[in-house]
Each structure stands twice: as structure tokens, then as C-alpha cells.
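Have a look at upload35.cif below; it lists mmCIF, C-alpha atoms, pLDDT in the B column; chains and numbers go by the auth columns.
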data_run
loop_
_atom_site.group_PDB
_atom_site.id
_atom_site.type_symbol
_atom_site.label_atom_id
_atom_site.label_comp_id
_atom_site.label_asym_id
_atom_site.label_seq_id
_atom_site.Cartn_x
_atom_site.Cartn_y
_atom_site.Cartn_z
_atom_site.B_iso_or_equiv
_atom_site.auth_seq_id
_atom_site.auth_asym_id
ATOM 1 C CA MET A 1 46.271 17.510 -1.444 54.00 557 A
ATOM 2 C CA ILE A 2 43.610 19.116 0.736 58.00 558 A
ATOM 3 C CA LEU A 3 42.048 20.708 -2.346 47.00 559 A
ATOM 4 C CA LEU A 4 41.862 17.300 -4.063 42.00 560 A
ATOM 5 C CA ALA A 5 40.168 15.716 -1.036 45.00 561 A
ATOM 6 C CA TRP A 6 37.686 18.609 -0.901 46.00 562 A
ATOM 7 C CA LEU A 7 36.903 18.274 -4.653 44.00 563 A
ATOM 8 C CA LEU A 8 36.333 14.534 -4.297 49.00 564 A
ATOM 9 C CA ALA A 9 34.001 15.115 -1.358 58.00 565 A
ATOM 10 C CA GLN A 10 31.974 17.603 -3.427 61.00 566 A
ATOM 11 C CA ALA A 11 31.608 15.297 -6.430 55.00 567 A
ATOM 12 C CA PRO A 12 28.152 13.816 -6.944 54.00 568 A
ATOM 13 C CA PRO A 13 27.824 10.102 -6.240 52.00 569 A
ATOM 14 C CA PRO A 14 28.251 7.839 -9.259 47.00 570 A
ATOM 15 C CA PRO A 15 24.996 7.061 -11.035 45.00 571 A
ATOM 16 C CA GLN A 16 23.241 3.929 -9.829 53.00 572 A
ATOM 17 C CA GLY A 17 22.628 1.327 -12.483 55.00 573 A
ATOM 18 C CA PRO A 18 19.807 -1.188 -12.487 57.00 574 A
ATOM 19 C CA PRO A 19 19.823 -3.778 -9.717 77.00 575 A
ATOM 20 C CA ASP A 20 21.803 -6.919 -10.365 88.00 576 A
ATOM 21 C CA LEU A 21 19.874 -9.663 -12.174 95.00 577 A
ATOM 22 C CA GLY A 22 21.971 -12.127 -10.164 95.00 578 A
ATOM 23 C CA THR A 23 19.884 -11.343 -7.087 95.00 579 A
ATOM 24 C CA LEU A 24 16.706 -12.498 -8.847 96.00 580 A
ATOM 25 C CA ALA A 25 18.596 -15.530 -10.178 97.00 581 A
ATOM 26 C CA GLU A 26 19.490 -16.551 -6.618 96.00 582 A
ATOM 27 C CA ILE A 27 15.886 -16.038 -5.484 96.00 583 A
ATOM 28 C CA ALA A 28 14.787 -18.264 -8.384 97.00 584 A
ATOM 29 C CA ARG A 29 17.342 -20.962 -7.511 97.00 585 A
ATOM 30 C CA THR A 30 16.280 -20.909 -3.869 97.00 586 A
ATOM 31 C CA SER A 31 12.589 -21.002 -4.800 96.00 587 A
ATOM 32 C CA PHE A 32 13.082 -24.077 -6.983 96.00 588 A
ATOM 33 C CA ALA A 33 15.310 -25.782 -4.398 96.00 589 A
ATOM 34 C CA ARG A 34 12.707 -25.255 -1.659 95.00 590 A
ATOM 35 C CA ARG A 35 9.748 -25.843 -3.985 94.00 591 A
ATOM 36 C CA ASP A 36 8.241 -22.641 -2.653 95.00 592 A
ATOM 37 C CA PHE A 37 7.516 -20.236 -5.488 96.00 593 A
ATOM 38 C CA SER A 38 5.508 -17.642 -3.577 94.00 594 A
ATOM 39 C CA HIS A 39 8.448 -15.250 -3.058 93.00 595 A
ATOM 40 C CA LEU A 40 9.429 -15.487 -6.726 95.00 596 A
ATOM 41 C CA LEU A 41 5.945 -15.252 -8.275 95.00 597 A
ATOM 42 C CA GLY A 42 3.244 -14.677 -5.657 84.00 598 A
ATOM 43 C CA ASP A 43 2.751 -10.921 -6.040 89.00 599 A
ATOM 44 C CA ARG A 44 2.807 -10.819 -9.852 92.00 600 A
ATOM 45 C CA PRO A 45 -0.480 -9.795 -11.510 94.00 601 A
ATOM 46 C CA SER A 46 0.417 -11.813 -14.609 95.00 602 A
ATOM 47 C CA VAL A 47 3.044 -14.466 -15.397 96.00 603 A
ATOM 48 C CA ARG A 48 3.208 -16.393 -18.649 96.00 604 A
ATOM 49 C CA LEU A 49 3.709 -20.032 -17.709 95.00 605 A
ATOM 50 C CA GLU A 50 4.626 -22.954 -19.949 94.00 606 A
ATOM 51 C CA LEU A 51 4.933 -26.393 -18.381 92.00 607 A
ATOM 52 C CA PRO A 52 6.128 -29.654 -19.962 87.00 608 A
ATOM 53 C CA ASP A 53 2.700 -31.315 -19.871 72.00 609 A
ATOM 54 C CA GLY A 54 2.034 -30.245 -23.444 63.00 610 A
ATOM 55 C CA ASN A 55 -0.608 -27.626 -22.725 65.00 611 A
ATOM 56 C CA ALA A 56 -0.233 -24.270 -24.409 65.00 612 A
ATOM 57 C CA SER A 57 1.344 -21.499 -22.401 81.00 613 A
ATOM 58 C CA ALA A 58 -1.019 -19.243 -20.516 86.00 614 A
ATOM 59 C CA ALA A 59 -0.906 -15.959 -18.649 93.00 615 A
ATOM 60 C CA VAL A 60 -1.926 -16.549 -15.042 94.00 616 A
ATOM 61 C CA THR A 61 -1.575 -14.693 -11.763 95.00 617 A
ATOM 62 C CA GLY A 62 1.613 -15.193 -9.796 95.00 618 A
ATOM 63 C CA ARG A 63 -0.250 -17.198 -7.161 95.00 619 A
ATOM 64 C CA VAL A 64 -1.631 -19.585 -9.802 94.00 620 A
ATOM 65 C CA ALA A 65 1.826 -19.915 -11.393 94.00 621 A
ATOM 66 C CA ALA A 66 3.373 -20.688 -7.988 95.00 622 A
ATOM 67 C CA ALA A 67 0.697 -23.299 -7.249 94.00 623 A
ATOM 68 C CA SER A 68 1.089 -24.885 -10.703 92.00 624 A
ATOM 69 C CA LEU A 69 4.851 -25.237 -10.321 93.00 625 A
ATOM 70 C CA GLY A 70 4.386 -26.647 -6.826 93.00 626 A
ATOM 71 C CA ALA A 71 1.929 -29.243 -8.129 91.00 627 A
ATOM 72 C CA LEU A 72 4.288 -30.228 -10.953 89.00 628 A
ATOM 73 C CA PHE A 73 7.257 -30.735 -8.624 90.00 629 A
ATOM 74 C CA ARG A 74 5.278 -32.455 -5.887 90.00 630 A
ATOM 75 C CA ARG A 75 5.319 -35.676 -7.932 87.00 631 A
ATOM 76 C CA THR A 76 9.127 -35.733 -8.204 91.00 632 A
ATOM 77 C CA ASP A 77 12.247 -36.306 -6.100 92.00 633 A
ATOM 78 C CA ASP A 78 14.987 -33.751 -6.670 92.00 634 A
ATOM 79 C CA ARG A 79 18.462 -34.988 -7.616 94.00 635 A
ATOM 80 C CA GLY A 80 20.127 -31.650 -8.306 95.00 636 A
ATOM 81 C CA LEU A 81 19.590 -28.027 -9.253 96.00 637 A
ATOM 82 C CA GLU A 82 22.080 -25.803 -11.021 97.00 638 A
ATOM 83 C CA LEU A 83 21.952 -22.108 -11.824 97.00 639 A
ATOM 84 C CA ILE A 84 23.292 -22.066 -15.396 97.00 640 A
ATOM 85 C CA GLY A 85 23.347 -18.301 -15.666 96.00 641 A
ATOM 86 C CA ALA A 86 21.676 -14.937 -15.850 96.00 642 A
ATOM 87 C CA ALA A 87 22.081 -12.534 -18.745 96.00 643 A
ATOM 88 C CA LEU A 88 20.713 -9.199 -19.852 95.00 644 A
ATOM 89 C CA ALA A 89 19.016 -9.021 -23.242 95.00 645 A
ATOM 90 C CA ASP A 90 18.960 -5.222 -22.900 94.00 646 A
ATOM 91 C CA ASP A 91 18.797 -2.744 -20.022 91.00 647 A
ATOM 92 C CA GLN A 92 15.135 -3.633 -19.273 95.00 648 A
ATOM 93 C CA HIS A 93 14.998 -7.401 -19.977 97.00 649 A
ATOM 94 C CA GLY A 94 16.953 -10.379 -18.698 97.00 650 A
ATOM 95 C CA TYR A 95 16.914 -14.158 -18.668 98.00 651 A
ATOM 96 C CA ILE A 96 17.775 -16.745 -16.041 98.00 652 A
ATOM 97 C CA GLU A 97 18.434 -20.416 -16.764 98.00 653 A
ATOM 98 C CA LEU A 98 18.294 -23.290 -14.282 98.00 654 A
ATOM 99 C CA ARG A 99 18.891 -27.000 -14.884 98.00 655 A
ATOM 100 C CA ARG A 100 16.983 -29.407 -12.677 96.00 656 A
ATOM 101 C CA ARG A 101 17.708 -33.137 -12.273 96.00 657 A
ATOM 102 C CA TYR A 102 14.981 -35.275 -10.747 95.00 658 A
ATOM 103 C CA ALA A 103 13.199 -38.623 -10.728 94.00 659 A
ATOM 104 C CA VAL A 104 9.475 -39.230 -10.782 90.00 660 A
ATOM 105 C CA SER A 105 8.456 -40.338 -7.296 86.00 661 A
ATOM 106 C CA ARG A 106 9.037 -44.069 -6.633 86.00 662 A
ATOM 107 C CA THR A 107 11.217 -44.510 -9.725 88.00 663 A
ATOM 108 C CA GLN A 108 14.954 -44.432 -10.318 87.00 664 A
ATOM 109 C CA ASP A 109 14.891 -42.961 -13.838 89.00 665 A
ATOM 110 C CA ALA A 110 17.022 -39.824 -13.909 92.00 666 A
ATOM 111 C CA LEU A 111 15.418 -36.995 -15.857 95.00 667 A
ATOM 112 C CA ALA A 112 16.305 -33.359 -16.447 96.00 668 A
ATOM 113 C CA GLN A 113 14.439 -30.127 -17.013 95.00 669 A
ATOM 114 C CA ARG A 114 15.516 -26.755 -18.294 97.00 670 A
ATOM 115 C CA VAL A 115 13.883 -23.780 -16.595 97.00 671 A
ATOM 116 C CA LEU A 116 14.011 -20.427 -18.389 97.00 672 A
ATOM 117 C CA ILE A 117 12.805 -17.329 -16.605 98.00 673 A
ATOM 118 C CA SER A 118 12.231 -14.040 -18.395 98.00 674 A
ATOM 119 C CA ALA A 119 12.450 -10.911 -16.255 97.00 675 A
ATOM 120 C CA ARG A 120 11.715 -7.249 -16.795 97.00 676 A
ATOM 121 C CA LEU A 121 12.990 -4.251 -14.854 95.00 677 A
ATOM 122 C CA GLU A 122 9.928 -2.569 -13.292 93.00 678 A
ATOM 123 C CA ASP A 123 10.056 0.292 -10.789 90.00 679 A
ATOM 124 C CA GLY A 124 13.748 -0.314 -10.142 91.00 680 A
ATOM 125 C CA ALA A 125 13.447 -4.061 -9.451 92.00 681 A
ATOM 126 C CA TRP A 126 13.615 -7.202 -11.571 95.00 682 A
ATOM 127 C CA ARG A 127 10.237 -8.969 -11.886 95.00 683 A
ATOM 128 C CA VAL A 128 9.439 -12.362 -13.406 97.00 684 A
ATOM 129 C CA VAL A 129 7.209 -12.146 -16.485 97.00 685 A
ATOM 130 C CA GLU A 130 7.572 -15.653 -17.978 97.00 686 A
ATOM 131 C CA VAL A 131 8.571 -19.136 -16.821 97.00 687 A
ATOM 132 C CA TRP A 132 9.200 -22.035 -19.229 96.00 688 A
ATOM 133 C CA VAL A 133 9.874 -25.540 -17.968 95.00 689 A
ATOM 134 C CA SER A 134 10.886 -28.094 -20.601 94.00 690 A
ATOM 135 C CA ALA A 135 12.332 -31.585 -20.681 91.00 691 A
ATOM 136 C CA VAL A 136 16.010 -31.935 -21.557 90.00 692 A
ATOM 137 C CA ARG A 137 16.555 -34.757 -23.974 79.00 693 A
#
Structure rendered as C-alpha cells:
Amino acid sequence: MILLAWLLAQAPPPPQGPPDLGTLAEIARTSFARRDFSHLLGDRPSVRLELPDGNASAAVTGRVAAASLGALFRRTDDRGLELIGAALADDQHGYIELRRRYAVSRTQDALAQRVLISARLEDGAWRVVEVWVSAVR
């Protein structure tokens, strides 16, 4: 018994896997709920952003992406936000999906948006590389 305890104490620690994508998913959900995208995107040198206004997607700095999302949501009243899920595409890439319910300010029309976030594992942490916001019909 003592020998077994000694052998277990000498064993190397189990290998650490990549950080949980769920942590980034919760940061994303919180960022959208608070309408403050600086923690999610602010330090990124480049984020591909596609918004529902019909313009083509563009690569912008994280600060510009955060400001663009803030401007888009400023004109709306939130009715609900749901984290649909987070999934790995492979060991270096993952996706997060949110569903947002809202109304345009001073209206009662209920609308919905799907938010897809693409993430890549960089230097041991998940980083946002793309954000798509589209209308749900």
C-alpha cells in the first residue's frame, strides 16, 4: 500500500489539454448581454466582422469590431440572449453560437439574430477571429 502511494506521488501530472472553449463562450454571452465588446474583441489585431446591414464582411481591428457591434446594438432593446452552444471543429478551431431576441428602439416588433463566433487557439488561449451577425427568419 505504501509502495502504491509512493508510485502515484512520483507519476507525472496528466497532460493539460487546451483551455475550455466554454470559458470564451461565457465571455461572449456576457459581452453581448452587457453590450460591451471590449473584453471579447478589444485586443485583437484583426477580426473578420459581418453585420446584417448587407455590407460585405471586412477584417478590422478588435477595437473597431467592438465599436461596430456597440453601434449596431445601441438602436435596439434586448428581449433575450441565449448561448446555443460551443463546439470544437478541431483541436485549434471552435465555434460559439448565440441567439439574440430584440426590438428596434420604440417599436414592439420582436426580431431575432443569430451570432456565430469563430475562435482559434493561440498561445494557449482561445481568441476570436470572426463574428457573424445575421437575422433569423
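Counting all atoms listed in the file, the residue from A:Val684, A:Ile673, A:Ala584, A:Ala589 that sits nearest to Ala643 (chain A) is A:Ile673.
In terms of minimum interatomic distance to Phe588 (chain A), A:Leu637 ranks closest within A:Ala666, A:Leu637, A:Leu628, A:Val616, counting all atoms listed in the file.
Among the candidate residues A:Leu654, A:Ala659, A:Val692, A:Ala622, the one lying nearest to Phe593 (chain A) is A:Ala622, with distances computed using all atoms listed in the file.
CA of Gly641 (chain A) sits 7.8 Å away from CA of Ala581 (chain A).
Proximity ranking of A:Asp599, A:Glu653, A:Asp592, A:Glu638 relative to Ser624 (chain A) places A:Asp592 first, based on all atoms listed in the file.
For the pair CA of Gln669 (chain A) and CA of Leu596 (chain A), the separation is 18.6 Å.
Around Leu672 (chain A), within 10 Å and counting all atoms listed in the file, the residues found are Glu606, Ile640, Gly641, Ala642, Tyr651, Ile652, Glu653, Leu654, Arg655, Gln669, Arg670, Ser674, Ala675, Glu686, Val687, Trp688, Val689 and Ser690 of chain A, once anything fewer than 2 positions away on its own chain is removed.
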Nearest to Asp679 (chain A), chosen from A:Asp665, A:Tyr658, A:Pro601, A:Pro575, with all atoms listed in the file counted in the distances: A:Pro575
A:Glu678, A:Thr579, A:Arg604, A:Arg656 ranked by distance to Leu639 (chain A), top pick (using all atoms listed in the file): A:Arg656
Can you give me, as a PDB file with C-alpha atoms, keeping the file's coordinate frame, the residues this file yields under the PyMOL selection byres ((chain A and resi 631) around 10)?
ATOM      1  CA  GLY A 626       4.386 -26.647  -6.826  1.00 93.00           C
ATOM      2  CA  ALA A 627       1.929 -29.243  -8.129  1.00 91.00           C
ATOM      3  CA  LEU A 628       4.288 -30.228 -10.953  1.00 89.00           C
ATOM      4  CA  PHE A 629       7.257 -30.735  -8.624  1.00 90.00           C
ATOM      5  CA  ARG A 630       5.278 -32.455  -5.887  1.00 90.00           C
ATOM      6  CA  THR A 632       9.127 -35.733  -8.204  1.00 91.00           C
ATOM      7  CA  ASP A 633      12.247 -36.306  -6.100  1.00 92.00           C
ATOM      8  CA  ASP A 634      14.987 -33.751  -6.670  1.00 92.00           C
ATOM      9  CA  ALA A 659      13.199 -38.623 -10.728  1.00 94.00           C
ATOM     10  CA  VAL A 660       9.475 -39.230 -10.782  1.00 90.00           C
ATOM     11  CA  SER A 661       8.456 -40.338  -7.296  1.00 86.00           C
ATOM     12  CA  ARG A 662       9.037 -44.069  -6.633  1.00 86.00           C
TER      13      ARG A 662
END
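We find CA of Ala623 (chain A) and CA of Leu667 (chain A) to be spaced 21.9 Å apart.
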Kindly add N, CA and C atoms to the incomplete region 662-684 of chain A and provide the output as a JSON list (two decimals), in the coordinates of the input.
[["chain", "number", "residue", "atom", "x", "y", "z"],
["A", 662, "ARG", "N", 9.03, -42.60, -6.65],
["A", 662, "ARG", "CA", 9.04, -44.07, -6.63],
["A", 662, "ARG", "C", 9.63, -44.70, -7.89],
["A", 663, "THR", "N", 10.48, -43.94, -8.60],
["A", 663, "THR", "CA", 11.22, -44.51, -9.72],
["A", 663, "THR", "C", 12.68, -44.13, -9.57],
["A", 664, "GLN", "N", 13.53, -44.75, -10.35],
["A", 664, "GLN", "CA", 14.95, -44.43, -10.32],
["A", 664, "GLN", "C", 15.42, -43.74, -11.60],
["A", 665, "ASP", "N", 14.52, -43.56, -12.56],
["A", 665, "ASP", "CA", 14.89, -42.96, -13.84],
["A", 665, "ASP", "C", 15.30, -41.50, -13.64],
["A", 666, "ALA", "N", 16.53, -41.20, -14.02],
["A", 666, "ALA", "CA", 17.02, -39.82, -13.91],
["A", 666, "ALA", "C", 16.55, -39.02, -15.11],
["A", 667, "LEU", "N", 15.93, -37.89, -14.82],
["A", 667, "LEU", "CA", 15.42, -36.99, -15.86],
["A", 667, "LEU", "C", 15.97, -35.59, -15.61],
["A", 668, "ALA", "N", 15.82, -34.73, -16.61],
["A", 668, "ALA", "CA", 16.30, -33.36, -16.45],
["A", 668, "ALA", "C", 15.31, -32.39, -17.07],
["A", 669, "GLN", "N", 15.27, -31.20, -16.49],
["A", 669, "GLN", "CA", 14.44, -30.13, -17.01],
["A", 669, "GLN", "C", 15.27, -28.86, -17.11],
["A", 670, "ARG", "N", 14.94, -28.08, -18.11],
["A", 670, "ARG", "CA", 15.52, -26.76, -18.29],
["A", 670, "ARG", "C", 14.44, -25.76, -17.88],
["A", 671, "VAL", "N", 14.81, -24.81, -17.04],
["A", 671, "VAL", "CA", 13.88, -23.78, -16.60],
["A", 671, "VAL", "C", 14.44, -22.44, -17.09],
["A", 672, "LEU", "N", 13.65, -21.76, -17.92],
["A", 672, "LEU", "CA", 14.01, -20.43, -18.39],
["A", 672, "LEU", "C", 13.05, -19.42, -17.78],
["A", 673, "ILE", "N", 13.60, -18.37, -17.25],
["A", 673, "ILE", "CA", 12.80, -17.33, -16.60],
["A", 673, "ILE", "C", 13.12, -16.00, -17.30],
["A", 674, "SER", "N", 12.08, -15.35, -17.78],
["A", 674, "SER", "CA", 12.23, -14.04, -18.40],
["A", 674, "SER", "C", 11.87, -13.00, -17.35],
["A", 675, "ALA", "N", 12.68, -11.95, -17.26],
["A", 675, "ALA", "CA", 12.45, -10.91, -16.26],
["A", 675, "ALA", "C", 12.48, -9.54, -16.92],
["A", 676, "ARG", "N", 11.76, -8.63, -16.31],
["A", 676, "ARG", "CA", 11.72, -7.25, -16.80],
["A", 676, "ARG", "C", 11.99, -6.32, -15.61],
["A", 677, "LEU", "N", 12.71, -5.25, -15.88],
["A", 677, "LEU", "CA", 12.99, -4.25, -14.85],
["A", 677, "LEU", "C", 11.77, -3.34, -14.73],
["A", 678, "GLU", "N", 11.13, -3.37, -13.56],
["A", 678, "GLU", "CA", 9.93, -2.57, -13.29],
["A", 678, "GLU", "C", 10.11, -1.83, -11.98],
["A", 679, "ASP", "N", 9.95, -0.54, -12.00],
["A", 679, "ASP", "CA", 10.06, 0.29, -10.79],
["A", 679, "ASP", "C", 11.35, 0.02, -10.03],
["A", 680, "GLY", "N", 12.44, -0.14, -10.76],
["A", 680, "GLY", "CA", 13.75, -0.31, -10.14],
["A", 680, "GLY", "C", 14.06, -1.70, -9.61],
["A", 681, "ALA", "N", 13.20, -2.68, -9.92],
["A", 681, "ALA", "CA", 13.45, -4.06, -9.45],
["A", 681, "ALA", "C", 13.14, -5.04, -10.58],
["A", 682, "TRP", "N", 13.86, -6.16, -10.58],
["A", 682, "TRP", "CA", 13.62, -7.20, -11.57],
["A", 682, "TRP", "C", 12.39, -8.00, -11.17],
["A", 683, "ARG", "N", 11.47, -8.22, -12.11],
["A", 683, "ARG", "CA", 10.24, -8.97, -11.89],
["A", 683, "ARG", "C", 10.11, -10.07, -12.93],
["A", 684, "VAL", "N", 9.65, -11.23, -12.50],
["A", 684, "VAL", "CA", 9.44, -12.36, -13.41],
["A", 684, "VAL", "C", 8.21, -12.09, -14.26]]
